[in-house]
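Here's work24.txt, which has compact mmCIF, C-alpha atoms and all ligand atoms:
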# COMPACT_ATOMS: atom_id res chain seq x y z
CA MET A 1 -29.76 0.56 23.21
CA TYR A 2 -32.05 3.16 21.62
CA SER A 3 -32.94 6.77 22.15
CA ARG A 4 -36.59 7.83 22.61
CA VAL A 5 -38.38 11.14 22.33
CA ILE A 6 -40.01 11.59 25.73
CA ALA A 7 -41.28 15.17 25.37
CA THR A 8 -41.62 18.04 22.90
CA GLY A 9 -41.85 21.82 23.21
CA ALA A 10 -42.43 24.85 20.98
CA ALA A 11 -42.08 28.63 20.96
CA LEU A 12 -43.26 31.20 18.43
CA PRO A 13 -42.80 34.97 18.41
CA ALA A 14 -45.84 37.06 19.34
CA ARG A 15 -46.25 38.80 15.99
CA ALA A 16 -47.99 36.97 13.12
CA VAL A 17 -47.60 38.54 9.66
CA SER A 18 -50.35 37.64 7.19
CA ASN A 19 -49.87 37.38 3.43
CA ASP A 20 -52.02 40.48 2.97
CA GLU A 21 -49.83 42.46 5.38
CA PHE A 22 -46.79 41.25 3.40
CA ALA A 23 -48.38 42.29 0.12
CA ARG A 24 -48.99 45.79 1.54
CA MET A 25 -45.39 45.98 2.85
CA LEU A 26 -43.92 45.02 -0.54
CA ALA A 27 -46.33 47.29 -2.41
CA ALA A 28 -44.79 50.25 -0.55
CA ASP A 29 -41.58 49.42 -2.50
CA GLY A 30 -43.45 48.96 -5.76
CA ILE A 31 -43.18 45.13 -5.58
CA GLU A 32 -46.24 43.12 -6.42
CA THR A 33 -47.36 39.96 -4.65
CA SER A 34 -50.66 38.68 -3.33
CA ASP A 35 -52.18 36.34 -0.80
CA GLU A 36 -53.46 34.29 -3.73
CA TRP A 37 -49.96 33.86 -5.29
CA ILE A 38 -48.30 32.91 -2.02
CA ARG A 39 -51.09 30.59 -0.90
CA THR A 40 -51.39 28.66 -4.17
CA ARG A 41 -47.61 28.33 -4.82
CA THR A 42 -46.54 27.53 -1.24
CA GLY A 43 -49.52 26.84 1.05
CA ILE A 44 -48.33 29.65 3.36
CA GLU A 45 -50.98 31.97 4.87
CA GLN A 46 -48.94 33.70 7.57
CA ARG A 47 -45.63 33.48 9.42
CA TYR A 48 -44.29 34.77 12.75
CA PHE A 49 -41.52 37.40 12.93
CA ALA A 50 -39.40 37.88 16.05
CA ASP A 51 -39.05 41.34 17.54
CA GLU A 52 -35.51 41.78 18.85
CA GLU A 53 -36.58 44.94 20.71
CA LYS A 54 -38.93 42.75 22.75
CA GLY A 55 -36.16 40.25 23.46
CA GLU A 56 -37.27 37.66 20.88
CA THR A 57 -34.05 36.11 19.55
CA THR A 58 -32.90 32.72 18.32
CA THR A 59 -31.62 32.06 21.84
CA SER A 60 -34.76 33.22 23.69
CA LEU A 61 -37.00 31.11 21.43
CA ALA A 62 -34.68 28.10 21.86
CA VAL A 63 -34.75 28.51 25.65
CA ALA A 64 -38.56 28.78 25.73
CA ALA A 65 -39.04 25.65 23.59
CA ALA A 66 -36.42 23.70 25.55
CA ARG A 67 -37.91 24.73 28.90
CA GLN A 68 -41.36 23.53 27.82
CA ALA A 69 -40.00 20.19 26.59
CA LEU A 70 -37.97 19.73 29.77
CA GLU A 71 -40.96 20.48 32.02
CA ARG A 72 -43.11 17.98 30.10
CA SER A 73 -40.37 15.33 30.28
CA GLY A 74 -40.34 15.32 34.09
CA LEU A 75 -36.52 15.46 34.01
CA ALA A 76 -34.51 18.03 35.95
CA PRO A 77 -31.93 20.27 34.25
CA SER A 78 -29.24 18.30 36.11
CA ASP A 79 -30.41 15.11 34.30
CA ILE A 80 -29.47 16.60 30.91
CA ASP A 81 -25.99 15.74 29.71
CA LEU A 82 -26.20 16.93 26.10
CA ILE A 83 -27.72 20.00 24.37
CA ILE A 84 -27.63 20.37 20.58
CA VAL A 85 -29.12 23.39 18.82
CA ALA A 86 -29.68 23.33 15.06
CA THR A 87 -29.65 26.89 13.73
CA THR A 88 -28.65 28.94 10.70
CA THR A 89 -29.31 32.22 12.46
CA PRO A 90 -27.32 32.22 15.73
CA ASP A 91 -27.49 35.52 17.59
CA MET A 92 -23.70 35.82 17.48
CA VAL A 93 -20.77 34.04 15.85
CA PHE A 94 -19.80 32.62 19.23
CA PRO A 95 -20.43 31.41 21.92
CA SER A 96 -22.95 28.93 20.51
CA VAL A 97 -26.69 29.22 21.05
CA ALA A 98 -26.46 25.83 22.80
CA CYS A 99 -24.13 27.23 25.50
CA HIS A 100 -26.54 30.11 26.16
CA VAL A 101 -29.44 27.64 26.36
CA GLN A 102 -27.46 25.49 28.79
CA ALA A 103 -26.90 28.47 31.11
CA ALA A 104 -30.57 29.54 30.92
CA LEU A 105 -31.80 26.02 31.73
CA GLY A 106 -29.36 25.68 34.63
CA ALA A 107 -27.79 22.57 33.12
CA SER A 108 -24.22 23.79 33.56
CA GLY A 109 -21.45 21.34 32.87
CA CYS A 110 -23.13 19.23 30.19
CA ALA A 111 -21.97 19.09 26.54
CA ALA A 112 -23.51 21.82 24.37
CA PHE A 113 -22.95 22.66 20.70
CA ASP A 114 -24.67 24.02 17.59
CA VAL A 115 -25.24 22.23 14.30
CA GLN A 116 -25.35 24.10 11.00
CA ALA A 117 -27.17 22.14 8.30
CA VAL A 118 -29.76 24.83 7.48
CA CYS A 119 -33.25 23.36 6.96
CA ALA A 120 -31.88 19.82 7.48
CA GLY A 121 -30.37 20.96 10.79
CA PHE A 122 -32.84 19.35 13.17
CA ILE A 123 -32.56 15.96 11.46
CA TYR A 124 -28.75 16.24 11.63
CA ALA A 125 -28.89 17.24 15.31
CA LEU A 126 -31.33 14.42 16.14
CA ASN A 127 -29.13 11.95 14.30
CA ALA A 128 -26.05 13.11 16.23
CA ALA A 129 -27.86 12.98 19.59
CA ASP A 130 -29.28 9.53 18.84
CA ALA A 131 -25.82 8.18 18.00
CA MET A 132 -24.30 9.74 21.14
CA LEU A 133 -27.04 8.37 23.43
CA ARG A 134 -26.76 4.89 21.94
CA ALA A 135 -22.97 4.92 22.22
CA GLY A 136 -22.96 6.47 25.74
CA PRO A 137 -22.10 7.75 28.24
CA TYR A 138 -24.84 10.30 27.49
CA ARG A 139 -28.27 9.47 28.94
CA ALA A 140 -30.52 12.43 28.18
CA ALA A 141 -30.37 15.16 25.54
CA VAL A 142 -32.28 18.28 24.59
CA VAL A 143 -32.32 18.74 20.81
CA ILE A 144 -33.57 22.09 19.54
CA GLY A 145 -34.19 23.77 16.19
CA SER A 146 -34.37 27.56 16.48
CA GLU A 147 -34.33 30.34 13.88
CA THR A 148 -34.91 34.04 13.32
CA LEU A 149 -34.74 33.98 9.54
CA SER A 150 -36.61 37.29 9.32
CA ARG A 151 -33.21 38.93 10.02
CA VAL A 152 -31.75 37.60 6.76
CA LEU A 153 -34.63 38.11 4.34
CA ASP A 154 -34.31 40.60 1.51
CA MET A 155 -37.68 42.34 1.82
CA LYS A 156 -37.32 43.46 -1.80
CA ASP A 157 -36.95 39.89 -3.14
CA ARG A 158 -40.50 38.57 -3.39
CA SER A 159 -39.34 35.12 -4.48
CA THR A 160 -37.75 34.44 -1.05
CA CYS A 161 -39.05 36.88 1.58
CA VAL A 162 -42.60 35.49 1.62
CA LEU A 163 -41.44 31.95 2.36
CA PHE A 164 -39.77 32.09 5.76
CA GLY A 165 -40.68 32.61 9.42
CA ASP A 166 -39.21 32.48 12.94
CA GLY A 167 -39.69 30.02 15.81
CA ALA A 168 -38.21 27.16 17.81
CA GLY A 169 -39.07 23.55 18.58
CA ALA A 170 -37.40 21.11 20.97
CA VAL A 171 -37.42 17.47 22.01
CA VAL A 172 -36.04 15.66 25.02
CA LEU A 173 -34.36 12.38 24.07
CA GLN A 174 -33.57 9.66 26.58
CA ALA A 175 -31.47 6.51 26.28
CA SER A 176 -33.66 3.40 26.57
CA GLN A 177 -33.69 -0.36 26.08
CA ASP A 178 -36.93 0.02 24.09
CA PRO A 179 -37.26 1.67 20.66
CA GLY A 180 -37.07 4.56 20.01
CA ILE A 181 -35.49 5.95 16.94
CA LEU A 182 -35.35 2.93 14.67
CA ALA A 183 -33.24 4.40 11.89
CA ALA A 184 -31.87 7.83 11.00
CA ARG A 185 -29.78 8.87 8.02
CA MET A 186 -28.30 12.16 6.83
CA TYR A 187 -26.97 13.05 3.40
CA ALA A 188 -25.38 15.98 1.60
CA ASP A 189 -24.24 16.88 -1.90
CA GLY A 190 -22.02 19.96 -1.80
CA ARG A 191 -22.02 20.24 -5.58
CA TYR A 192 -25.44 21.89 -5.17
CA ASP A 193 -23.91 24.83 -3.34
CA GLU A 194 -24.92 28.50 -2.86
CA LYS A 195 -25.81 28.76 -6.54
CA VAL A 196 -28.89 26.72 -5.60
CA LEU A 197 -29.51 28.10 -2.10
CA GLY A 198 -27.29 30.20 0.11
CA LEU A 199 -26.46 33.20 2.24
CA THR A 200 -22.90 34.07 1.32
CA ALA A 201 -21.91 37.01 3.55
CA HIS A 202 -19.16 36.81 6.15
CA LEU A 203 -17.56 39.12 8.71
CA LYS A 204 -14.19 40.70 7.96
CA ALA A 205 -12.31 43.53 9.62
CA GLY A 206 -15.41 44.76 11.42
CA ALA A 207 -17.72 44.72 8.42
CA VAL A 208 -20.21 42.42 6.72
CA VAL A 209 -18.66 41.37 3.41
CA GLY A 210 -20.88 40.01 0.63
CA ASP A 211 -24.61 39.47 0.28
CA PRO A 212 -26.32 39.18 3.71
CA PHE A 213 -29.61 37.77 2.38
CA ILE A 214 -30.97 34.34 1.42
CA ARG A 215 -30.80 33.67 -2.34
CA MET A 216 -32.44 30.71 -3.98
CA ASP A 217 -33.09 28.93 -7.26
CA GLY A 218 -36.61 27.84 -6.26
CA ARG A 219 -37.21 25.35 -9.06
CA GLN A 220 -33.91 23.53 -8.50
CA VAL A 221 -34.55 23.38 -4.73
CA PHE A 222 -38.01 21.98 -5.39
CA LYS A 223 -36.68 19.17 -7.58
CA LEU A 224 -33.75 18.23 -5.31
CA ALA A 225 -35.94 18.34 -2.20
CA VAL A 226 -38.53 15.93 -3.61
CA GLU A 227 -35.82 13.51 -4.79
CA GLY A 228 -33.77 13.58 -1.57
CA LEU A 229 -36.73 13.29 0.77
CA THR A 230 -38.33 10.43 -1.12
CA GLU A 231 -35.07 8.45 -1.35
CA SER A 232 -34.07 9.00 2.28
CA ALA A 233 -37.52 7.97 3.55
CA ARG A 234 -37.29 4.72 1.60
CA GLU A 235 -33.78 4.17 2.97
CA VAL A 236 -34.77 4.51 6.67
CA ALA A 237 -37.92 2.43 6.13
CA GLY A 238 -35.75 -0.30 4.55
CA LEU A 239 -33.28 -0.18 7.45
CA ALA A 240 -36.15 -0.54 9.95
CA CYS A 241 -37.81 -3.30 7.83
CA VAL A 242 -41.11 -1.39 7.57
CA ARG A 243 -43.03 0.13 4.65
CA THR A 244 -43.41 3.90 4.22
CA GLU A 245 -47.15 3.18 3.73
CA ASP A 246 -47.26 2.07 7.39
CA VAL A 247 -46.13 5.47 8.72
CA ALA A 248 -48.84 6.78 11.08
CA LEU A 249 -47.48 10.31 11.38
CA PHE A 250 -45.50 12.06 8.65
CA VAL A 251 -43.58 15.14 9.82
CA PRO A 252 -41.87 16.64 6.77
CA HIS A 253 -39.84 19.85 6.72
CA GLN A 254 -42.46 22.56 6.28
CA ALA A 255 -40.93 24.36 3.28
CA ASN A 256 -43.76 24.29 0.86
CA LEU A 257 -47.06 22.40 0.80
CA ARG A 258 -46.51 21.29 -2.79
CA ILE A 259 -43.18 19.62 -1.94
CA MET A 260 -44.70 17.96 1.14
CA THR A 261 -47.75 16.66 -0.76
CA MET A 262 -45.66 15.32 -3.62
CA VAL A 263 -43.33 13.41 -1.26
CA ALA A 264 -46.25 12.01 0.77
CA ARG A 265 -47.89 10.78 -2.45
CA LYS A 266 -44.69 9.09 -3.64
CA LEU A 267 -44.32 7.36 -0.26
CA GLY A 268 -47.96 6.20 -0.19
CA ILE A 269 -48.74 8.18 2.99
CA PRO A 270 -52.33 9.53 3.08
CA ASP A 271 -52.71 13.29 3.42
CA GLU A 272 -54.45 13.09 6.80
CA ARG A 273 -51.36 11.47 8.33
CA MET A 274 -49.15 14.43 7.36
CA VAL A 275 -48.77 17.27 9.86
CA LYS A 276 -49.03 20.73 8.27
CA THR A 277 -47.90 23.86 10.06
CA VAL A 278 -46.60 25.62 6.95
CA ALA A 279 -49.85 27.57 6.45
CA GLU A 280 -49.56 29.16 9.89
CA GLN A 281 -45.78 29.32 10.36
CA GLY A 282 -44.15 29.43 6.91
CA ASN A 283 -40.73 27.81 6.55
CA THR A 284 -38.90 28.09 9.87
CA SER A 285 -35.83 26.18 8.59
CA ALA A 286 -34.24 24.08 11.38
CA ALA A 287 -37.23 24.79 13.65
CA SER A 288 -39.90 23.49 11.30
CA VAL A 289 -39.67 19.76 12.08
CA PRO A 290 -39.70 19.99 15.91
CA LEU A 291 -42.43 22.67 15.74
CA ALA A 292 -44.54 20.40 13.53
CA LEU A 293 -43.86 17.37 15.72
CA ASP A 294 -44.94 19.28 18.82
CA ARG A 295 -48.16 20.36 17.08
CA ALA A 296 -48.93 16.77 16.04
CA VAL A 297 -48.33 15.48 19.57
CA ARG A 298 -50.57 18.24 21.06
CA ASP A 299 -53.27 17.42 18.50
CA GLY A 300 -53.18 13.70 19.41
CA MET A 301 -52.09 12.66 15.91
CA VAL A 302 -49.83 9.87 17.19
CA ARG A 303 -50.25 6.97 19.66
CA PRO A 304 -47.60 4.85 21.42
CA GLY A 305 -46.25 2.10 19.21
CA GLU A 306 -46.97 3.92 15.94
CA LEU A 307 -44.38 4.87 13.32
CA VAL A 308 -43.36 8.52 12.95
CA LEU A 309 -41.28 9.73 9.99
CA LEU A 310 -39.34 13.02 10.33
CA GLN A 311 -37.64 14.68 7.34
CA GLY A 312 -35.48 17.71 6.67
CA VAL A 313 -33.90 19.23 3.57
CA GLY A 314 -32.10 22.46 2.84
CA ALA A 315 -29.06 24.31 1.61
CA GLY A 316 -25.85 22.41 1.12
CA MET A 317 -27.75 20.62 -0.27
CA ALA A 318 -28.25 18.57 2.88
CA TRP A 319 -31.15 16.28 3.78
CA GLY A 320 -32.16 13.31 5.89
CA SER A 321 -34.88 11.24 7.53
CA ALA A 322 -35.51 9.63 10.90
CA LEU A 323 -38.00 6.88 11.62
CA ILE A 324 -39.32 6.56 15.18
CA ARG A 325 -41.40 3.92 16.99
CA TRP A 326 -43.35 6.35 19.18
CA ALA A 327 -42.96 5.78 22.92
N1 LIG B 401 -45.46 37.02 -5.73
C1 LIG B 401 -45.77 37.15 -7.02
N2 LIG B 401 -45.02 36.67 -8.00
C2 LIG B 401 -43.90 36.03 -7.68
C3 LIG B 401 -43.50 35.86 -6.34
C4 LIG B 401 -44.32 36.39 -5.35
N3 LIG B 401 -44.04 36.27 -4.02
N4 LIG B 401 -42.32 35.17 -6.31
C5 LIG B 401 -42.00 34.92 -7.59
N5 LIG B 401 -42.95 35.45 -8.41
C6 LIG B 401 -43.00 35.43 -9.87
C7 LIG B 401 -41.63 35.26 -10.48
O1 LIG B 401 -41.00 36.50 -10.56
C8 LIG B 401 -41.99 34.72 -11.84
O2 LIG B 401 -42.38 35.78 -12.67
P1 LIG B 401 -41.88 35.82 -14.21
O3 LIG B 401 -42.49 34.58 -14.81
O4 LIG B 401 -42.45 37.10 -14.67
O5 LIG B 401 -40.40 35.77 -14.12
C9 LIG B 401 -43.23 33.89 -11.56
O6 LIG B 401 -43.74 34.30 -10.29
C10 LIG B 401 -42.97 32.41 -11.50
O7 LIG B 401 -41.82 32.21 -10.74
P2 LIG B 401 -41.25 30.79 -10.47
O8 LIG B 401 -40.02 30.89 -9.60
O9 LIG B 401 -41.17 30.03 -11.72
O10 LIG B 401 -42.47 30.24 -9.61
P3 LIG B 401 -42.70 28.78 -9.08
O11 LIG B 401 -44.02 28.31 -9.51
O12 LIG B 401 -41.52 27.90 -9.32
O13 LIG B 401 -42.80 29.04 -7.52
C11 LIG B 401 -41.48 28.80 -5.53
C12 LIG B 401 -41.71 29.62 -6.81
C13 LIG B 401 -42.71 28.88 -4.68
C14 LIG B 401 -40.30 29.40 -4.77
C15 LIG B 401 -41.17 27.34 -5.95
O14 LIG B 401 -40.15 27.29 -6.90
C16 LIG B 401 -40.82 26.51 -4.80
O15 LIG B 401 -41.65 26.18 -3.99
N6 LIG B 401 -39.54 26.08 -4.67
C17 LIG B 401 -39.09 25.38 -3.52
C18 LIG B 401 -38.27 26.32 -2.77
C19 LIG B 401 -38.49 26.30 -1.30
O16 LIG B 401 -39.45 25.79 -0.75
N7 LIG B 401 -37.54 26.91 -0.65
C20 LIG B 401 -37.57 27.04 0.75
C21 LIG B 401 -36.20 27.11 1.27
S1 LIG B 401 -35.32 25.67 0.99
C22 LIG B 401 -35.95 24.55 1.90
O17 LIG B 401 -36.42 24.78 2.96
C23 LIG B 401 -35.93 23.20 1.35

Could you render the structure from this file as C-alpha cells?
Amino acid sequence: MYSRVIATGAALPARAVSNDEFARMLAADGIETSDEWIRTRTGIEQRYFADEEKGETTTSLAVAAARQALERSGLAPSDIDLIIVATTTPDMVFPSVACHVQAALGASGCAAFDVQAVCAGFIYALNAADAMLRAGPYRAAVVIGSETLSRVLDMKDRSTCVLFGDGAGAVVLQASQDPGILAARMYADGRYDEKVLGLTAHLKAGAVVGDPFIRMDGRQVFKLAVEGLTESAREVAGLACVRTEDVALFVPHQANLRIMTMVARKLGIPDERMVKTVAEQGNTSAASVPLALDRAVRDGMVRPGELVLLQGVGAGMAWGSALIRWA
C-alpha cells in the first residue's frame, strides 16, 4: 500500500510587498537595506503579507488552499478522514488550525491535528499522513502548510524581517496500490536549538513573556540546512533505489536561493528541474513546499511516472525529504 498526491492547492494574501517597499519601511526607522542586498543574498524580490483586518489569517489561508486541492481532487469533504496542518503561526494556542479547517470544509468527524516542525513542518506532516494511510484505516488525507509569519517578524531586525512571507499550500493524499510516495524520512537535532533559530516567547498569566520575534544565526542555519538536505535526499533516494540525478522535479524548501542552488548542485539535479517561488513569495516556512509543488504542477513541470523530491528544513533543527513517483 502507498499514498499518492492526487491534487494540490495554494493561497496567498492579496498584498505583495516588494524589496523596495521594505527598504523604504526600514529607512523610516533609520535601518538600511536595499533591493540589491536582499536579491543577491537570498534571491527574494517580494513576499506576501496577510492583512488580519481583511480576514487573512493562518486558518483562512489554510482553508482556501485546502478547498482548492479538494475541488481539484474530485473527492467530497465526507471522503476525507484525516487533516494535518503544519504551522508555526497558529491563530490561537488551541483549538488547532486543523480543527478549524475541518469545520470550514464540512469534513466533521475526521481526525484533525497540527504539526509543529517549523520550516520542516510540511515534510513532517506529509510523512505522518503517508504512514497513517499506508497503515490504515485512513483512506484520504488533506495535508496543509499554512503560515502568517509577518506577525512574528521584528521589523527593526533587517537580518530576519526581509526573509519571510505568508501563504498556504495543500495536497490531497489518497491510499493506493500504486506508488506514490516511495520513501520519506524526517530528522531532528535538538542540540541546534533556539540559539541557532527560534522564537522563544510564551504566554503566562495573561501576558506574552519573552521575545516574540524570530531570531536567527543565519550562517549556522545556512550550513546546517545544506548538510541536512543533501544527506536526507541521498537517504530517500537510496531507500527507493534511484539516483538523485534522476529526479525530474526538485521542490526544496524555499528559504534562500543560494541554499537551494547549492543542494541541487550537490545532488546533481540541473537548475531547470528545480522549482523556484522564493523570488515571488520569500520564505513561507511550512507553506513553502506545498506552495512550490502547486506552482510546479500548474506550470506543467512534472509528468506521471516521474520522480519528485520534496525537502524541508528549519528550526529545531528539524529537516527531511520525501521522494514521490508522480501519479
Ligand atoms: N540589508 C543590508 N544588510 C544586511 C541585511 C539586510 N537585510 N541583513 C544583514 N545585513 C548585514 C549584516 O548586518 C552584516 O553587516 P556587518 O558585516 O556590518 O555586520 C552583513 O550584512 C553581512 O551579514 P551576514 O549575516 O554575514 O550576511 P550573509 O551573507 O551570511 O547573509 C543571510 C545573511 C542571507 C541570512 C544568510 O546567512 C542566509 O541565507 N542564511 C540562511 C538563513 C535562512 O535562509 N533562514 C531562513 C529561515 S530558516 C529556514 O527556513 C531554513

Which residue is closest to Glu45 in chain A? Choose from A:Gly190, A:Pro290, A:Gly282, A:Gly314 and count all atoms listed in the file. A:Gly282

So that I can check the surroundings of Thr88 in chain A, please list as number ranges by chain every protein, DNA and RNA residue that reaches within 7 Å of it, counting only C-alpha atoms and ignoring chain neighbours fewer than 6 positions away. A: 116, 118, 147

Nearby polymer residues, ligand LIG 401 (chain B), at most 9 Å, only C-alpha atoms and all ligand atoms, as a ChimeraX atom specification: /A:23,31-38,40-42,118-120,157-164,197,214,216-225,253-259,283-286,312-315,317,319

Just the selected residues (C-alpha atoms), exported as an mmCIF file, in the frame of the given file, please.
data_model
loop_
_atom_site.group_PDB
_atom_site.id
_atom_site.type_symbol
_atom_site.label_atom_id
_atom_site.label_comp_id
_atom_site.auth_asym_id
_atom_site.auth_seq_id
_atom_site.Cartn_x
_atom_site.Cartn_y
_atom_site.Cartn_z
ATOM 1 C CA ALA A 23 -48.380 42.290 0.120
ATOM 2 C CA ILE A 31 -43.180 45.130 -5.580
ATOM 3 C CA GLU A 32 -46.240 43.120 -6.420
ATOM 4 C CA THR A 33 -47.360 39.960 -4.650
ATOM 5 C CA SER A 34 -50.660 38.680 -3.330
ATOM 6 C CA ASP A 35 -52.180 36.340 -0.800
ATOM 7 C CA GLU A 36 -53.460 34.290 -3.730
ATOM 8 C CA TRP A 37 -49.960 33.860 -5.290
ATOM 9 C CA ILE A 38 -48.300 32.910 -2.020
ATOM 10 C CA THR A 40 -51.390 28.660 -4.170
ATOM 11 C CA ARG A 41 -47.610 28.330 -4.820
ATOM 12 C CA THR A 42 -46.540 27.530 -1.240
ATOM 13 C CA VAL A 118 -29.760 24.830 7.480
ATOM 14 C CA CYS A 119 -33.250 23.360 6.960
ATOM 15 C CA ALA A 120 -31.880 19.820 7.480
ATOM 16 C CA ASP A 157 -36.950 39.890 -3.140
ATOM 17 C CA ARG A 158 -40.500 38.570 -3.390
ATOM 18 C CA SER A 159 -39.340 35.120 -4.480
ATOM 19 C CA THR A 160 -37.750 34.440 -1.050
ATOM 20 C CA CYS A 161 -39.050 36.880 1.580
ATOM 21 C CA VAL A 162 -42.600 35.490 1.620
ATOM 22 C CA LEU A 163 -41.440 31.950 2.360
ATOM 23 C CA PHE A 164 -39.770 32.090 5.760
ATOM 24 C CA LEU A 197 -29.510 28.100 -2.100
ATOM 25 C CA ILE A 214 -30.970 34.340 1.420
ATOM 26 C CA MET A 216 -32.440 30.710 -3.980
ATOM 27 C CA ASP A 217 -33.090 28.930 -7.260
ATOM 28 C CA GLY A 218 -36.610 27.840 -6.260
ATOM 29 C CA ARG A 219 -37.210 25.350 -9.060
ATOM 30 C CA GLN A 220 -33.910 23.530 -8.500
ATOM 31 C CA VAL A 221 -34.550 23.380 -4.730
ATOM 32 C CA PHE A 222 -38.010 21.980 -5.390
ATOM 33 C CA LYS A 223 -36.680 19.170 -7.580
ATOM 34 C CA LEU A 224 -33.750 18.230 -5.310
ATOM 35 C CA ALA A 225 -35.940 18.340 -2.200
ATOM 36 C CA HIS A 253 -39.840 19.850 6.720
ATOM 37 C CA GLN A 254 -42.460 22.560 6.280
ATOM 38 C CA ALA A 255 -40.930 24.360 3.280
ATOM 39 C CA ASN A 256 -43.760 24.290 0.860
ATOM 40 C CA LEU A 257 -47.060 22.400 0.800
ATOM 41 C CA ARG A 258 -46.510 21.290 -2.790
ATOM 42 C CA ILE A 259 -43.180 19.620 -1.940
ATOM 43 C CA ASN A 283 -40.730 27.810 6.550
ATOM 44 C CA THR A 284 -38.900 28.090 9.870
ATOM 45 C CA SER A 285 -35.830 26.180 8.590
ATOM 46 C CA ALA A 286 -34.240 24.080 11.380
ATOM 47 C CA GLY A 312 -35.480 17.710 6.670
ATOM 48 C CA VAL A 313 -33.900 19.230 3.570
ATOM 49 C CA GLY A 314 -32.100 22.460 2.840
ATOM 50 C CA ALA A 315 -29.060 24.310 1.610
ATOM 51 C CA MET A 317 -27.750 20.620 -0.270
ATOM 52 C CA TRP A 319 -31.150 16.280 3.780
#

State, in Å with one decimal place, the distance from CA of Ser18 in chain A to CA of Arg47 in chain A.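 So the answer is 6.7 Å.
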
Distance CA of Leu153 in chain A-CA of Ser321 in chain A, one decimal place? 27.1 Å

Contact residues around range 5-8 of chain A with only C-alpha atoms at 12 Å, ignoring same-chain residues under 6 positions, as a VMD selection string: chain A and resid 64 to 75 126 129 to 130 133 140 to 145 168 to 176 178 to 182 289 to 298 304 308 322 to 327

Record the distance separating CA of Val236 in chain A and CA of Arg185 in chain A, expressed in Å with one decimal.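 Separating CA of Val236 in chain A from CA of Arg185 in chain A is a distance of 6.8 Å.
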